[in-house]
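> Structure file final_34.txt (compact mmCIF, C-alpha atoms) is given on the next line.
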# COMPACT_ATOMS: atom_id res chain seq x y z
CA MET A 1 0.00 0.00 0.00
CA ARG A 2 2.83 2.37 0.88
CA GLY A 3 4.44 1.83 -2.52
CA TRP A 4 1.20 2.63 -4.33
CA ASN A 5 0.75 5.78 -2.23
CA SER A 6 4.25 6.94 -3.19
CA SER A 7 3.53 6.17 -6.84
CA MET A 8 0.30 8.18 -6.75
CA LYS A 9 2.05 11.05 -5.00
CA GLU A 10 4.68 11.19 -7.76
CA GLU A 11 2.01 11.16 -10.48
CA ARG A 12 0.04 13.93 -8.77
CA LYS A 13 3.17 16.04 -8.52
CA SER A 14 4.07 15.53 -12.17
CA ALA A 15 0.48 16.31 -13.19
CA GLY A 16 0.39 19.55 -11.25
CA ASN A 17 -1.09 18.12 -8.03
CA SER A 18 -4.07 16.52 -9.79
CA ARG A 19 -7.12 15.20 -8.04
CA VAL A 20 -7.62 11.92 -6.21
CA ILE A 21 -11.04 10.42 -6.88
CA ILE A 22 -12.62 7.31 -5.39
CA HIS A 23 -15.47 5.43 -7.02
CA LEU A 24 -17.33 3.34 -4.48
CA ASP A 25 -19.51 0.56 -5.94
CA MET A 26 -21.50 -1.80 -3.74
CA ASN A 27 -21.47 -5.44 -4.88
CA ALA A 28 -24.82 -7.14 -5.67
CA PHE A 29 -26.25 -4.49 -3.39
CA TYR A 30 -29.85 -5.64 -2.90
CA CYS A 31 -28.88 -9.28 -2.29
CA SER A 32 -26.01 -8.16 -0.04
CA VAL A 33 -28.41 -6.06 2.06
CA HIS A 34 -30.72 -9.04 2.61
CA GLU A 35 -27.71 -11.19 3.49
CA ALA A 36 -26.54 -8.57 6.00
CA GLU A 37 -30.03 -8.49 7.56
CA GLU A 38 -30.51 -12.27 7.67
CA PRO A 39 -27.15 -14.02 7.25
CA SER A 40 -28.53 -17.34 8.50
CA ALA A 41 -31.08 -17.38 5.67
CA TYR A 42 -29.02 -15.99 2.79
CA LYS A 43 -25.25 -15.97 3.43
CA GLY A 44 -23.38 -17.83 0.70
CA LYS A 45 -26.59 -18.99 -0.96
CA PRO A 46 -27.92 -18.31 -4.49
CA THR A 47 -30.39 -15.46 -4.06
CA ALA A 48 -32.17 -13.09 -6.41
CA VAL A 49 -34.33 -10.03 -5.88
CA ALA A 50 -37.31 -10.05 -8.23
CA GLY A 51 -40.74 -8.50 -8.59
CA SER A 52 -43.94 -10.56 -8.69
CA VAL A 53 -42.21 -13.44 -6.95
CA GLU A 54 -45.55 -14.99 -6.08
CA LEU A 55 -46.49 -15.12 -9.77
CA ARG A 56 -43.20 -16.73 -10.77
CA LYS A 57 -43.33 -14.39 -13.75
CA GLY A 58 -41.34 -11.45 -12.48
CA VAL A 59 -37.99 -10.24 -13.76
CA ILE A 60 -34.76 -10.70 -11.79
CA VAL A 61 -33.44 -7.31 -10.71
CA THR A 62 -30.15 -8.61 -9.33
CA SER A 63 -28.64 -11.82 -8.04
CA SER A 64 -25.95 -12.81 -5.56
CA TYR A 65 -22.53 -13.82 -6.81
CA THR A 66 -23.30 -17.43 -5.84
CA ALA A 67 -26.36 -17.30 -8.11
CA ARG A 68 -24.36 -15.64 -10.89
CA LYS A 69 -21.88 -18.51 -10.83
CA ALA A 70 -24.85 -20.81 -11.45
CA GLY A 71 -25.88 -18.80 -14.51
CA VAL A 72 -28.49 -16.45 -13.07
CA ARG A 73 -28.41 -13.03 -14.74
CA THR A 74 -30.14 -9.68 -14.29
CA GLY A 75 -33.04 -9.34 -16.71
CA MET A 76 -33.93 -13.03 -16.71
CA THR A 77 -37.48 -13.95 -15.83
CA VAL A 78 -37.91 -15.74 -12.52
CA ARG A 79 -38.84 -18.87 -14.44
CA GLN A 80 -35.56 -18.74 -16.41
CA GLY A 81 -33.58 -18.17 -13.22
CA LEU A 82 -35.16 -21.17 -11.51
CA LYS A 83 -34.47 -23.28 -14.57
CA VAL A 84 -30.72 -22.64 -14.50
CA CYS A 85 -30.57 -22.67 -10.69
CA PRO A 86 -33.43 -24.68 -9.11
CA GLU A 87 -32.20 -23.88 -5.58
CA LEU A 88 -32.43 -20.12 -6.24
CA ILE A 89 -33.95 -18.23 -3.29
CA LEU A 90 -36.32 -15.47 -4.44
CA ILE A 91 -36.65 -12.29 -2.39
CA ARG A 92 -39.20 -9.52 -2.75
CA PRO A 93 -37.59 -6.06 -3.06
CA ASP A 94 -37.60 -3.81 0.00
CA PHE A 95 -36.54 -0.32 -1.01
CA ASP A 96 -36.96 1.13 2.48
CA LEU A 97 -34.31 -1.32 3.62
CA TYR A 98 -32.05 -0.53 0.65
CA ARG A 99 -32.31 3.20 1.38
CA LYS A 100 -31.37 2.59 5.00
CA TYR A 101 -28.20 0.74 4.01
CA SER A 102 -27.46 3.24 1.26
CA ARG A 103 -27.60 6.12 3.72
CA GLY A 104 -25.34 4.09 5.99
CA PHE A 105 -22.45 3.62 3.58
CA MET A 106 -22.89 7.13 2.16
CA SER A 107 -22.57 8.48 5.70
CA ILE A 108 -19.23 6.71 6.10
CA ALA A 109 -18.02 8.16 2.80
CA SER A 110 -19.04 11.69 3.76
CA GLN A 111 -16.95 11.54 6.92
CA TYR A 112 -13.79 11.72 4.79
CA THR A 113 -14.80 14.51 2.39
CA PRO A 114 -17.74 16.85 1.78
CA LEU A 115 -17.37 16.15 -1.94
CA VAL A 116 -19.51 13.01 -2.28
CA GLU A 117 -21.59 12.57 -5.42
CA ALA A 118 -24.24 9.85 -5.23
CA THR A 119 -24.93 8.54 -8.72
CA SER A 120 -27.25 5.72 -7.67
CA ILE A 121 -28.54 3.96 -4.60
CA ASP A 122 -25.43 1.77 -4.56
CA GLU A 123 -22.55 3.87 -5.84
CA CYS A 124 -20.88 7.25 -5.40
CA TYR A 125 -17.79 9.30 -6.21
CA LEU A 126 -15.58 10.91 -3.58
CA ASP A 127 -13.03 13.66 -4.19
CA ILE A 128 -10.44 13.15 -1.44
CA THR A 129 -7.85 15.54 -2.89
CA GLY A 130 -8.11 17.74 0.20
CA SER A 131 -8.51 14.93 2.75
CA SER A 132 -4.86 14.47 3.69
CA THR A 133 -5.66 14.91 7.40
CA PHE A 134 -7.15 11.39 7.24
CA GLY A 135 -4.00 9.89 5.75
CA GLU A 136 -2.67 8.92 2.35
CA PRO A 137 -5.24 8.39 -0.46
CA LEU A 138 -5.04 4.61 -0.56
CA ASP A 139 -5.17 4.39 3.22
CA ILE A 140 -8.38 6.44 3.15
CA ALA A 141 -9.89 4.25 0.44
CA SER A 142 -8.95 1.09 2.33
CA ALA A 143 -10.40 2.46 5.58
CA ILE A 144 -13.71 3.27 3.88
CA GLN A 145 -13.95 -0.22 2.40
CA GLU A 146 -13.13 -1.87 5.74
CA ARG A 147 -15.59 0.30 7.67
CA ILE A 148 -18.45 -0.44 5.27
CA GLN A 149 -17.75 -4.15 5.65
CA GLY A 150 -17.36 -3.92 9.42
CA GLU A 151 -20.23 -1.55 10.24
CA TRP A 152 -22.79 -2.60 7.61
CA ASN A 153 -21.56 -6.06 6.62
CA LEU A 154 -21.59 -5.04 2.96
CA PRO A 155 -18.99 -5.87 0.30
CA CYS A 156 -17.90 -3.11 -2.08
CA SER A 157 -15.39 -2.50 -4.82
CA ILE A 158 -13.24 0.61 -4.85
CA GLY A 159 -11.52 2.37 -7.70
CA VAL A 160 -8.91 5.07 -7.05
CA ALA A 161 -7.78 7.35 -9.88
CA PRO A 162 -7.00 10.96 -10.80
CA ASN A 163 -10.50 11.43 -12.32
CA LYS A 164 -14.05 10.10 -12.27
CA LEU A 165 -13.78 8.19 -15.54
CA LEU A 166 -10.79 6.10 -14.48
CA ALA A 167 -12.10 5.66 -10.92
CA LYS A 168 -15.33 4.18 -12.30
CA MET A 169 -13.47 1.87 -14.65
CA ALA A 170 -11.10 0.83 -11.87
CA SER A 171 -13.94 -0.17 -9.54
CA ASP A 172 -15.32 -2.44 -12.27
CA MET A 173 -12.04 -4.31 -12.70
CA GLN A 174 -12.26 -6.44 -9.56
CA LYS A 175 -15.54 -7.66 -8.10
CA PRO A 176 -16.53 -8.43 -5.46
CA ASN A 177 -14.46 -6.68 -2.77
CA GLY A 178 -12.01 -5.28 -5.30
CA PHE A 179 -9.49 -2.50 -4.70
CA THR A 180 -7.94 -1.10 -7.87
CA VAL A 181 -5.73 1.89 -8.59
CA LEU A 182 -5.79 3.16 -12.17
CA ARG A 183 -3.38 5.92 -13.19
CA ILE A 184 -3.27 7.73 -16.52
CA ARG A 185 0.06 6.12 -17.33
CA ASP A 186 -1.60 2.69 -16.86
CA VAL A 187 -4.23 3.36 -19.54
CA PRO A 188 -2.27 2.16 -22.62
CA ARG A 189 -1.25 -1.08 -20.90
CA LEU A 190 -4.54 -1.92 -19.21
CA LEU A 191 -7.24 -0.44 -21.45
CA TRP A 192 -6.11 0.06 -25.03
CA ASP A 193 -6.59 -3.57 -26.06
CA LYS A 194 -10.19 -3.62 -24.83
CA PRO A 195 -13.26 -3.04 -27.08
CA CYS A 196 -14.59 0.51 -27.31
CA ASP A 197 -17.82 -0.23 -25.47
CA SER A 198 -15.82 -1.18 -22.36
CA LEU A 199 -14.92 2.52 -22.09
CA PHE A 200 -17.38 3.99 -19.60
CA GLY A 201 -19.79 6.27 -21.45
CA VAL A 202 -19.52 4.51 -24.82
CA GLY A 203 -22.63 2.43 -25.51
CA HIS A 204 -23.18 -0.49 -27.86
CA LYS A 205 -24.68 1.64 -30.62
CA THR A 206 -21.75 4.08 -30.55
CA ALA A 207 -19.30 1.15 -30.51
CA GLU A 208 -21.04 -0.35 -33.53
CA LYS A 209 -20.71 2.95 -35.39
CA LEU A 210 -17.03 3.05 -34.42
CA ARG A 211 -16.58 -0.48 -35.77
CA ARG A 212 -17.95 0.66 -39.11
CA LEU A 213 -15.15 3.24 -39.06
CA ASN A 214 -12.69 0.39 -38.39
CA ILE A 215 -12.17 1.52 -34.78
CA ARG A 216 -12.55 -1.53 -32.57
CA THR A 217 -10.38 -0.97 -29.52
CA ILE A 218 -9.85 1.86 -27.06
CA GLY A 219 -6.27 2.14 -28.34
CA GLN A 220 -7.51 2.64 -31.91
CA LEU A 221 -9.95 5.23 -30.59
CA ALA A 222 -7.09 7.03 -28.84
CA ALA A 223 -5.11 7.08 -32.10
CA ALA A 224 -8.01 8.23 -34.29
CA GLU A 225 -8.03 11.75 -35.75
CA GLU A 226 -10.16 14.03 -33.62
CA ALA A 227 -11.53 15.88 -36.68
CA MET A 228 -12.83 12.61 -38.09
CA LEU A 229 -14.48 11.68 -34.77
CA VAL A 230 -16.11 15.11 -34.50
CA LYS A 231 -17.40 14.77 -38.06
CA HIS A 232 -19.21 11.54 -37.19
CA PHE A 233 -20.11 12.11 -33.52
CA GLY A 234 -20.07 15.87 -32.93
CA VAL A 235 -18.66 17.07 -29.59
CA VAL A 236 -18.92 13.52 -28.27
CA GLY A 237 -16.11 12.63 -30.66
CA SER A 238 -13.72 14.98 -28.86
CA TRP A 239 -14.78 13.57 -25.50
CA MET A 240 -14.24 9.97 -26.67
CA LYS A 241 -10.69 10.68 -27.84
CA SER A 242 -9.82 12.32 -24.51
CA ALA A 243 -11.47 9.51 -22.57
CA ALA A 244 -9.51 6.91 -24.53
CA HIS A 245 -6.36 8.61 -23.21
CA GLY A 246 -7.77 8.51 -19.67
CA ILE A 247 -8.50 12.24 -19.52
CA ASP A 248 -11.63 13.50 -17.75
CA HIS A 249 -12.13 16.88 -16.08
CA SER A 250 -15.69 16.45 -14.78
CA PRO A 251 -15.97 17.51 -11.12
CA VAL A 252 -17.35 15.54 -8.20
CA SER A 253 -20.47 17.53 -7.38
CA SER A 254 -22.12 17.11 -3.98
CA ALA A 255 -24.89 19.58 -4.82
CA ARG A 256 -28.16 18.05 -5.93
CA GLU A 257 -29.36 19.58 -9.14
CA ARG A 258 -33.02 19.96 -10.00
CA ASN A 259 -34.21 16.84 -11.76
CA LYS A 260 -33.88 17.11 -15.53
CA SER A 261 -36.52 14.42 -15.88
CA ILE A 262 -38.87 12.37 -13.73
CA GLY A 263 -40.06 8.98 -14.83
CA HIS A 264 -41.12 5.45 -14.06
CA THR A 265 -40.82 2.22 -16.00
CA THR A 266 -42.39 -1.13 -15.22
CA THR A 267 -41.47 -4.56 -16.55
CA LEU A 268 -44.60 -6.66 -16.99
CA PRO A 269 -44.89 -10.28 -15.81
CA ARG A 270 -46.60 -11.25 -19.06
CA ASP A 271 -46.90 -9.81 -22.54
CA VAL A 272 -49.55 -7.12 -22.89
CA THR A 273 -51.33 -7.20 -26.24
CA LYS A 274 -54.50 -5.19 -25.58
CA ARG A 275 -54.70 -1.41 -25.95
CA GLU A 276 -56.98 -0.98 -22.92
CA GLU A 277 -54.58 -2.80 -20.62
CA ALA A 278 -51.61 -0.78 -21.88
CA HIS A 279 -53.58 2.44 -21.32
CA ARG A 280 -54.34 1.39 -17.72
CA ILE A 281 -50.65 0.69 -17.04
CA LEU A 282 -49.75 4.07 -18.52
CA LEU A 283 -52.30 5.65 -16.16
CA ASN A 284 -50.50 4.24 -13.11
CA LEU A 285 -47.18 5.44 -14.49
CA ALA A 286 -48.57 8.89 -15.30
CA ASP A 287 -50.11 9.08 -11.83
CA GLN A 288 -46.84 8.55 -10.00
CA THR A 289 -44.68 10.67 -12.29
CA GLY A 290 -47.22 13.49 -11.88
CA ARG A 291 -47.24 13.04 -8.11
CA ARG A 292 -43.47 13.22 -7.84
CA MET A 293 -43.31 16.23 -10.12
CA ARG A 294 -45.93 18.14 -8.14
CA ARG A 295 -44.07 17.43 -4.88
CA GLN A 296 -41.13 19.31 -6.36
CA LYS A 297 -43.45 22.09 -7.59
CA LEU A 298 -42.45 21.51 -11.21
CA VAL A 299 -44.30 21.34 -14.50
CA ALA A 300 -43.36 19.43 -17.65
CA ALA A 301 -43.33 20.55 -21.26
CA THR A 302 -42.49 17.12 -22.74
CA VAL A 303 -43.93 13.65 -22.23
CA GLN A 304 -41.90 10.63 -23.31
CA ILE A 305 -42.91 6.98 -23.39
CA VAL A 306 -40.81 3.81 -23.68
CA ILE A 307 -42.17 0.61 -25.21
CA ARG A 308 -40.09 -2.57 -25.03
CA LYS A 309 -41.03 -5.83 -26.72
CA PRO A 310 -40.22 -9.38 -25.56
CA ASP A 311 -37.25 -9.49 -27.97
CA MET A 312 -35.84 -6.45 -26.03
CA SER A 313 -36.24 -4.09 -29.01
CA THR A 314 -37.17 -0.69 -27.62
CA VAL A 315 -39.10 2.29 -28.95
CA SER A 316 -38.76 5.67 -27.22
CA ARG A 317 -40.93 8.56 -28.41
CA SER A 318 -41.73 11.99 -27.00
CA SER A 319 -44.10 14.86 -27.59
CA THR A 320 -43.74 18.50 -26.57
CA LEU A 321 -46.93 20.03 -25.20
CA GLY A 322 -48.32 23.35 -26.25
CA VAL A 323 -48.62 24.33 -22.60
CA PRO A 324 -46.58 22.84 -19.69
CA THR A 325 -48.62 20.67 -17.35
CA ASP A 326 -48.54 18.94 -13.97
CA THR A 327 -51.81 17.03 -14.14
CA THR A 328 -52.08 13.26 -14.34
CA ASN A 329 -54.92 13.41 -16.87
CA GLU A 330 -52.92 15.44 -19.38
CA ILE A 331 -49.80 13.34 -18.89
CA HIS A 332 -51.83 10.15 -19.37
CA ARG A 333 -53.67 11.49 -22.40
CA GLU A 334 -50.41 12.42 -24.13
CA ALA A 335 -48.78 9.12 -23.20
CA CYS A 336 -51.71 7.19 -24.67
CA LYS A 337 -51.60 9.23 -27.88
CA LEU A 338 -47.90 8.39 -28.25
CA PHE A 339 -48.55 4.73 -27.52
CA ASP A 340 -51.39 4.47 -30.04
CA LYS A 341 -49.27 6.17 -32.68
CA HIS A 342 -46.23 3.92 -32.26
CA TRP A 343 -47.82 0.57 -31.37
CA ARG A 344 -49.31 -1.91 -33.79
CA GLU A 345 -52.55 -3.66 -32.84
CA GLY A 346 -51.86 -6.96 -31.07
CA GLU A 347 -48.10 -6.42 -30.80
CA PRO A 348 -46.78 -7.83 -27.48
CA VAL A 349 -45.33 -5.36 -24.96
CA ARG A 350 -43.11 -6.41 -22.04
CA LEU A 351 -42.12 -2.99 -20.59
CA LEU A 352 -43.74 0.43 -20.49
CA GLY A 353 -42.39 3.72 -19.19
CA VAL A 354 -43.45 7.35 -18.85
CA THR A 355 -40.93 10.16 -18.39
CA LEU A 356 -41.57 13.88 -17.97
CA GLN A 357 -38.94 16.18 -19.45
CA ASN A 358 -38.17 19.89 -19.90
CA LEU A 359 -39.11 20.56 -16.30
CA THR A 360 -39.50 24.08 -14.95
CA LYS A 361 -40.68 25.53 -11.65
CA GLN A 362 -44.41 26.16 -11.40
CA SER A 363 -43.74 29.64 -10.03
CA GLU A 364 -41.58 30.55 -13.02
CA THR A 365 -43.80 29.11 -15.77
CA ALA A 366 -46.55 30.98 -17.55
CA MET A 367 -49.63 28.73 -17.51
CA GLN A 368 -52.28 29.43 -20.11
CA LEU A 369 -55.96 28.74 -19.41
CA ASP A 370 -57.92 26.71 -21.94
CA LEU A 371 -60.38 29.05 -23.69
CA PHE A 372 -63.20 26.50 -23.44
CA ASP A 373 -62.42 25.17 -19.98
CA TYR A 374 -61.07 28.13 -18.05
CA GLU A 375 -63.86 28.06 -15.44
CA GLN A 376 -63.20 24.40 -14.63
CA GLN A 377 -59.41 24.53 -14.48
CA PRO A 378 -59.10 26.19 -11.02
CA ARG A 379 -61.54 23.58 -9.65
CA LYS A 380 -59.53 20.76 -11.21
CA ALA A 381 -56.33 22.19 -9.75
CA ALA A 382 -57.94 22.41 -6.30
CA LEU A 383 -59.20 18.81 -6.60
CA THR A 384 -55.73 17.59 -7.58
CA LYS A 385 -54.23 19.43 -4.60
CA THR A 386 -56.79 17.89 -2.24
CA MET A 387 -56.15 14.38 -3.60
CA ASP A 388 -52.39 14.87 -3.19
CA MET A 389 -52.90 16.01 0.41
CA LEU A 390 -55.05 12.96 1.20
CA ARG A 391 -52.48 10.60 -0.31
CA ASP A 392 -49.63 12.34 1.51
CA LYS A 393 -51.48 11.80 4.79
CA PHE A 394 -53.12 8.39 4.33
CA GLY A 395 -50.96 6.69 1.71
CA GLU A 396 -50.81 6.39 -2.05
CA ASP A 397 -53.78 4.00 -2.23
CA ALA A 398 -56.09 6.35 -0.30
CA VAL A 399 -57.54 7.89 -3.46
CA LEU A 400 -57.53 5.88 -6.67
CA THR A 401 -59.56 5.85 -9.84
CA ALA A 402 -61.00 2.59 -11.12
CA GLY A 403 -58.59 2.66 -14.04
CA MET A 404 -55.60 2.36 -11.68
CA LEU A 405 -56.65 -1.02 -10.29
CA GLY A 406 -55.04 -4.22 -11.53
CA ASP A 407 -52.56 -7.00 -10.72
CA ASP A 408 -49.52 -5.98 -12.79
CA PRO A 409 -46.37 -4.33 -11.39
CA SER A 410 -47.52 -0.83 -12.42
CA THR A 411 -49.97 -0.94 -9.50
CA LEU A 412 -47.04 -1.47 -7.11
CA ILE A 413 -45.11 1.69 -7.89
CA ARG A 414 -47.21 3.56 -5.34
CA ASN A 415 -45.54 1.39 -2.68
CA LYS A 416 -42.11 2.91 -1.98
CA ARG A 417 -41.13 -0.17 0.02
CA ILE A 418 -41.11 -2.50 -2.98
CA ARG A 419 -40.97 -0.30 -6.03
CA GLY A 420 -37.92 0.36 -8.12
CA THR A 421 -37.39 1.71 -11.59
CA SER A 422 -34.44 2.54 -13.75
CA LEU A 423 -35.62 6.10 -14.17
CA GLN A 424 -36.51 6.81 -10.57
CA ILE A 425 -34.80 9.51 -8.56
CA ASP A 426 -35.94 9.29 -4.97
CA GLU A 427 -34.30 10.86 -1.93
CA HIS A 428 -31.22 11.61 -4.02
CA LEU A 429 -30.82 7.90 -4.79
CA LEU A 430 -31.06 6.39 -8.23
CA TYR A 431 -32.10 2.84 -8.88
CA SER A 432 -29.05 0.86 -9.92
CA ASP A 433 -27.63 -2.44 -8.88
CA GLU A 434 -24.66 -3.95 -10.72
As structure tokens, how would this structure be written, given the file I've shared?

Amino acid sequence: MRGWNSSMKEERKSAGNSRVIIHLDMNAFYCSVHEAEEPSAYKGKPTAVAGSVELRKGVIVTSSYTARKAGVRTGMTVRQGLKVCPELILIRPDFDLYRKYSRGFMSIASQYTPLVEATSIDECYLDITGSSTFGEPLDIASAIQERIQGEWNLPCSIGVAPNKLLAKMASDMQKPNGFTVLRIRDVPRLLWDKPCDSLFGVGHKTAEKLRRLNIRTIGQLAAAEEAMLVKHFGVVGSWMKSAAHGIDHSPVSSARERNKSIGHTTTLPRDVTKREEAHRILLNLADQTGRRMRRQKLVAATVQIVIRKPDMSTVSRSSTLGVPTDTTNEIHREACKLFDKHWREGEPVRLLGVTLQNLTKQSETAMQLDLFDYEQQPRKAALTKTMDMLRDKFGEDAVLTAGMLGDDPSTLIRNKRIRGTSLQIDEHLLYSDE
């Protein structure tokens, strides 16, 4: 450890006293939390967290490393998971519990620096450049990892680097319980022979486009002409070339920005093929996105929907409204219009999502009254406010319309204890579990 600290110190000095960034990534977080709570029931056993466990039709959200060794993977249906691992133990999600443990390890991290950026419920960045009073960088990182294990009984992987990009990639190199240092001078040796989509921030579609340009590895990306990359990818081309060299200047930001979007998705336990059923699911999604937006006193100018088929092909479409809105009815109406426009009769749907975008504060947004409905709009706004107050006091199921009732997972998103969605931002924690 001492040798690595000296090596990092030399690199920081040569780079003009550059930053020291930690990426902290919890391992199989949801399963690890349940194991920490009930070690006698789950420790060392193949477990998976999945929705609709009682239906045996839910989708596996995450699995323990024991289950992964048996072939269980995120995104499998419960039935598929049980087929490859008959002894798999299924656990219903408990997001209240996950938030408790998340706040616990985040609290440990924040004791070493005020610059902690939570990027999901199970991972965060720390800038410990100014934390020398706690020791050398690698000693700090090691202490954080040991404390999280000792105080919360949770495994985590740590990446230490001079920037966020390399810290994130370092934490992915060894799981579980990994501890990896990645310096800029290590990039050619450790990263350049890897495919482009292993570079954090480069997705499969971008990598495919790069392959068509005969750029297959990170090293080839680093050697590519920047002008050519900009021609094909715009400003992202410049970023990719810098990233391929291990360069990243993005700061660790502890301040929570106003949400740029608010949304929910739900994976369905069976294929939906009827328009009426899809519309009802969209109503539940619109209801909760609207609720969350109104809590933050925001309005949305754009409604986006996501439709995913059983073959995992995905359609994402959006519509910008003439007037920003915060009402469930308008969100639902626009979502249904988008669905009807981009869905073919009888086509199976496995996932639906609603996201509200172009958000602005209610107090700063000019709201126009409908010429033919202006007398009713204040009454509708008052009714919505009253319904929100009742649900805040007595629970999300206190006031429901008949169209919200059903037995699919979209009816469960009103329950914070068991809900989870890839688009959800709740209490500064994003849903993510790798």
> Enter the distance from CA of Lys260 (chain A) to CA of Asp287 (chain A), in Å, rounded to one decimal.
18.5 Å
> Select all residues near (-29.7, -3.5, 0.1) (cut-off 6 Å, inclusive, file coordinates), counting only C-alpha atoms, and output them as a tab-separated table (two decimals) with C-alpha atoms, in the frame of the given file.

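Saved to result_8.tsv:
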chain	number	residue	atom	x	y	z
A	29	PHE	CA	-26.25	-4.49	-3.39
A	30	TYR	CA	-29.85	-5.64	-2.90
A	32	SER	CA	-26.01	-8.16	-0.04
A	33	VAL	CA	-28.41	-6.06	2.06
A	98	TYR	CA	-32.05	-0.53	0.65
A	101	TYR	CA	-28.20	0.74	4.01
> Report the distance between CA of Ile121 (chain A) and CA of Thr77 (chain A) in Å, rounded to one decimal place.
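CA of Ile121 (chain A) sits 23.0 Å away from CA of Thr77 (chain A).
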> Take CA of Val187 (chain A) and CA of Ile22 (chain A) and report the distance between them in Å, one decimal.
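Distance reported for this atom pair: 16.9 Å.
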> Given the choices A:Ala141, A:Met169, A:Gln220, A:Arg99, which gets closest to Asp193 (chain A) if the distance is worked out from only C-alpha atoms?
A:Gln220
> Generate the missing atoms of region 285-302 of chain A up to N, CA and C atoms and report them as a PDB file, in the coordinates of the input.

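Saved file selection_23.pdb follows:
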ATOM      1  N   LEU A 285     -48.477   4.795 -14.314  1.00  0.00           N
ATOM      2  CA  LEU A 285     -47.180   5.440 -14.490  1.00  0.00           C
ATOM      3  C   LEU A 285     -47.319   6.956 -14.512  1.00  0.00           C
ATOM      4  N   ALA A 286     -48.334   7.443 -15.233  1.00  0.00           N
ATOM      5  CA  ALA A 286     -48.570   8.890 -15.300  1.00  0.00           C
ATOM      6  C   ALA A 286     -48.935   9.434 -13.923  1.00  0.00           C
ATOM      7  N   ASP A 287     -49.698   8.658 -13.162  1.00  0.00           N
ATOM      8  CA  ASP A 287     -50.110   9.080 -11.830  1.00  0.00           C
ATOM      9  C   ASP A 287     -48.914   9.334 -10.926  1.00  0.00           C
ATOM     10  N   GLN A 288     -47.972   8.400 -10.905  1.00  0.00           N
ATOM     11  CA  GLN A 288     -46.840   8.550 -10.000  1.00  0.00           C
ATOM     12  C   GLN A 288     -45.798   9.549 -10.495  1.00  0.00           C
ATOM     13  N   THR A 289     -45.595   9.635 -11.802  1.00  0.00           N
ATOM     14  CA  THR A 289     -44.680  10.670 -12.290  1.00  0.00           C
ATOM     15  C   THR A 289     -45.253  12.051 -11.995  1.00  0.00           C
ATOM     16  N   GLY A 290     -46.581  12.204 -12.183  1.00  0.00           N
ATOM     17  CA  GLY A 290     -47.220  13.490 -11.880  1.00  0.00           C
ATOM     18  C   GLY A 290     -47.117  13.825 -10.412  1.00  0.00           C
ATOM     19  N   ARG A 291     -47.335  12.828  -9.557  1.00  0.00           N
ATOM     20  CA  ARG A 291     -47.240  13.040  -8.110  1.00  0.00           C
ATOM     21  C   ARG A 291     -45.843  13.518  -7.718  1.00  0.00           C
ATOM     22  N   ARG A 292     -44.841  12.847  -8.210  1.00  0.00           N
ATOM     23  CA  ARG A 292     -43.470  13.220  -7.840  1.00  0.00           C
ATOM     24  C   ARG A 292     -43.111  14.602  -8.374  1.00  0.00           C
ATOM     25  N   MET A 293     -43.606  14.920  -9.554  1.00  0.00           N
ATOM     26  CA  MET A 293     -43.310  16.230 -10.120  1.00  0.00           C
ATOM     27  C   MET A 293     -43.982  17.335  -9.298  1.00  0.00           C
ATOM     28  N   ARG A 294     -45.228  17.109  -8.908  1.00  0.00           N
ATOM     29  CA  ARG A 294     -45.930  18.140  -8.140  1.00  0.00           C
ATOM     30  C   ARG A 294     -45.297  18.346  -6.766  1.00  0.00           C
ATOM     31  N   ARG A 295     -44.752  17.274  -6.175  1.00  0.00           N
ATOM     32  CA  ARG A 295     -44.070  17.430  -4.880  1.00  0.00           C
ATOM     33  C   ARG A 295     -42.909  18.413  -4.992  1.00  0.00           C
ATOM     34  N   GLN A 296     -42.268  18.414  -6.148  1.00  0.00           N
ATOM     35  CA  GLN A 296     -41.130  19.310  -6.360  1.00  0.00           C
ATOM     36  C   GLN A 296     -41.558  20.654  -6.954  1.00  0.00           C
ATOM     37  N   LYS A 297     -42.877  20.843  -7.062  1.00  0.00           N
ATOM     38  CA  LYS A 297     -43.450  22.090  -7.590  1.00  0.00           C
ATOM     39  C   LYS A 297     -42.896  22.405  -8.981  1.00  0.00           C
ATOM     40  N   LEU A 298     -42.928  21.387  -9.841  1.00  0.00           N
ATOM     41  CA  LEU A 298     -42.450  21.510 -11.210  1.00  0.00           C
ATOM     42  C   LEU A 298     -43.590  21.244 -12.186  1.00  0.00           C
ATOM     43  N   VAL A 299     -43.399  21.677 -13.406  1.00  0.00           N
ATOM     44  CA  VAL A 299     -44.300  21.340 -14.500  1.00  0.00           C
ATOM     45  C   VAL A 299     -43.457  20.826 -15.663  1.00  0.00           C
ATOM     46  N   ALA A 300     -44.085  20.046 -16.538  1.00  0.00           N
ATOM     47  CA  ALA A 300     -43.360  19.430 -17.650  1.00  0.00           C
ATOM     48  C   ALA A 300     -43.874  19.938 -18.981  1.00  0.00           C
ATOM     49  N   ALA A 301     -42.953  20.141 -19.909  1.00  0.00           N
ATOM     50  CA  ALA A 301     -43.330  20.550 -21.260  1.00  0.00           C
ATOM     51  C   ALA A 301     -43.266  19.383 -22.237  1.00  0.00           C
ATOM     52  N   THR A 302     -42.652  18.265 -21.834  1.00  0.00           N
ATOM     53  CA  THR A 302     -42.490  17.120 -22.740  1.00  0.00           C
ATOM     54  C   THR A 302     -42.848  15.828 -22.026  1.00  0.00           C
TER      55      THR A 302
END
